[in-house]
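S.K.: What follows is a single structure, and I will ask about it in a moment.
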There are 2 protein chains.
Amino acid sequence: MLIEIDPTSTQPIFEQVVDQIKFAVAAGAIRANEMIPSVREMSRQLAINPNTIARAYRVLQDEGLVYTRRGMGIVVAEQAEEICQNQRKAIFTEKFRRFRAQAAQSGLSQAEIDEIIKNNGYMNT
Amino acid sequence: MLIEIDPTSTQPIFEQVVDQIKFAVAAGAIRANEMIPSVREMSRQLAINPNTIARAYRVLQDEGLVYTRRGMGIVVAEQAEEICQNQRKAIFTEKFRRFRAQAAQSGLSQAEIDEIIKNNGYMNT
DNA sequence: CTTGCTGTTCTAGGTAGATAATACAGGAAA
DNA sequence: TTTCCTGTATTATCTACCTAGAACAGCAAG
């Protein structure tokens, strides 16, 4: 499972962890009934405080995406993959909408916005 | 000058204020040698603490986009419009690049990303 | 049993952002 | 002059996020 944390982002670390795990589940990198890395192991991998990881896991648990087995670890729930796939799409749709709205509100013309999109990866090579 | 603050954003308020003023200058809503609303007036308009506005203005001043006249107010610098236009473009290019990178890293396929962009305002209507 | 790993909980401290209230210095205008 | 508005500075308080360290409960495997 590849997880990358951006320390320069204003988005809280625990939220980044939550999103990244959702993405990993959505992508099929972790399947239902499989275990995700323990709090302490993930803490070591990302060089982040265990409490921060634990908070992220608590969020996932509250959303019903994972359930816990004391002494064992945390297991991905049955319906998690489908839920995460939908959430992933929703997350990025929302992100893009915000980008568009802000760009328009900033006074950038439609043409300028399209140019930014075109020059940075939309539908070519 | 139209300024909108998004309280749900993780971006700090003072940063939002900074960006919005830059956008207003870039769009020509405020021109060189014109004054921007006073700390207290802007504070009233946005219902935000004067200290937060003052901090935003301090950033603008440190960047040389505005200069202050005690007792008078804050004035937009000569070269501000050009600088702000370049920064505006850079800001949104960077935002879009982040969006693209995160979307790709999440496991979304190129086709799915293109679909999100297409269905939310790119090059139609 | 003991050992070692789980997740969980707790207290404490540090930092950044935002708010609140106050005070000061300087220019404009009466 | 006085009055009123500027920007600026200070102090205190609150919250969220993050870190740190310790302790506890439960399960597995030796």
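The way I read the labels, and the way they are meant: chains A, B, ... in the order of the structure tokens, residue 1 as the first residue of every chain, and ligand 1 as the first ligand shown, with later ones counted on from there.
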Taking the chain letters and numbering used in this document, name the residues of region 36-80 of chain B that DSSP puts in strand (DSSP E or B), as a list in words.
M.R.: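 Taking region 36-80 of chain B and keeping strand (DSSP E or B) only, one gets Ile36, Val66, Tyr67, Thr68, Arg69, Gly73, Ile74, Val75 and Val76 of chain B.
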S.K.: With chain D as the partner and 7 Å as the cut-off, tabulate the residues of chain B that qualify, each row holding the nearest pair of atoms and their distance in Å to one decimal, using only C-alpha atoms (C1' of nucleotides), sorted by chain and rising number, as a Markdown table.
M.R.:
```
| residue | atom | partner | partner_atom | distance |
| --- | --- | --- | --- | --- |
| B:Arg70 | CA | D:DT6 | C1' | 5.7 |
| B:Gly71 | CA | D:DT6 | C1' | 3.4 |
| B:Met72 | CA | D:DT6 | C1' | 4.9 |
| B:Gly73 | CA | D:DT6 | C1' | 5.6 |
```
S.K.: What separation in Å, quoted to one decimal, exists between CA of Glu82 (chain A) and CA of Ala26 (chain A)?
M.R.: 7.0 Å
S.K.: Which residues are near Phe14 (chain B)? Cut-off 7 Å, only C-alpha atoms (C1' of nucleotides), ignore same chain within fewer than 3 positions. Put them as a PyMOL selection string.
M.R.: chain B and resi 17-18+52-53+55-56
S.K.: Could you check how far CA of Glu34 (chain B) sits from CA of Leu108 (chain A), in Å to one decimal?
M.R.: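 Straight-line distance from CA of Glu34 (chain B) to CA of Leu108 (chain A) works out to 21.5 Å.
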S.K.: Between CA of Ile117 (chain B) and CA of Ala29 (chain A), measure the distance and give it in Å to one decimal.
M.R.: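 Taking CA of Ile117 (chain B) and CA of Ala29 (chain A), their separation equals 25.0 Å.
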S.K.: Show me, as a list in words, every residue of chain A with an atom at most 7 Å from chain B, counting only C-alpha atoms.
M.R.: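 The answer, sorted by residue number, is Thr10, Gln11, Phe23, Ala24, Ala27, Phe92, Thr93, Arg97, Ala103, Ser106, Gly107, Asp114, Ile116, Asn120, Tyr122 and Met123 of chain A.
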S.K.: Pull out every residue of chain C sitting within 8 Å of chain B, counting only C-alpha atoms (C1' of nucleotides), and send them as a list of chain:residue names.
M.R.: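 Close enough to count are C:DG17, C:DA18, C:DT19, C:DG26, C:DG27, C:DA28.
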S.K.: Any chance you could export the current selection's C-alpha atoms (C1' of nucleotides) as an mmCIF file, in the first residue's frame?
M.R.:
```
data_model
loop_
_atom_site.group_PDB
_atom_site.id
_atom_site.type_symbol
_atom_site.label_atom_id
_atom_site.label_comp_id
_atom_site.auth_asym_id
_atom_site.auth_seq_id
_atom_site.Cartn_x
_atom_site.Cartn_y
_atom_site.Cartn_z
ATOM 1 C "C1'" DG C 17 -4.901 30.150 13.424
ATOM 2 C "C1'" DA C 18 -8.466 33.126 14.974
ATOM 3 C "C1'" DT C 19 -10.763 36.068 18.239
ATOM 4 C "C1'" DG C 26 0.292 59.565 12.606
ATOM 5 C "C1'" DG C 27 -2.345 62.117 9.134
ATOM 6 C "C1'" DA C 28 -6.918 64.550 7.620
#
```
S.K.: For the helix (DSSP H, G or I) assignment from backbone DSSP, which residues of chain B qualify? Please present them as a PyMOL selection string.
M.R.: chain B and resi 13-26+39-46+50-62+80-105+110-118
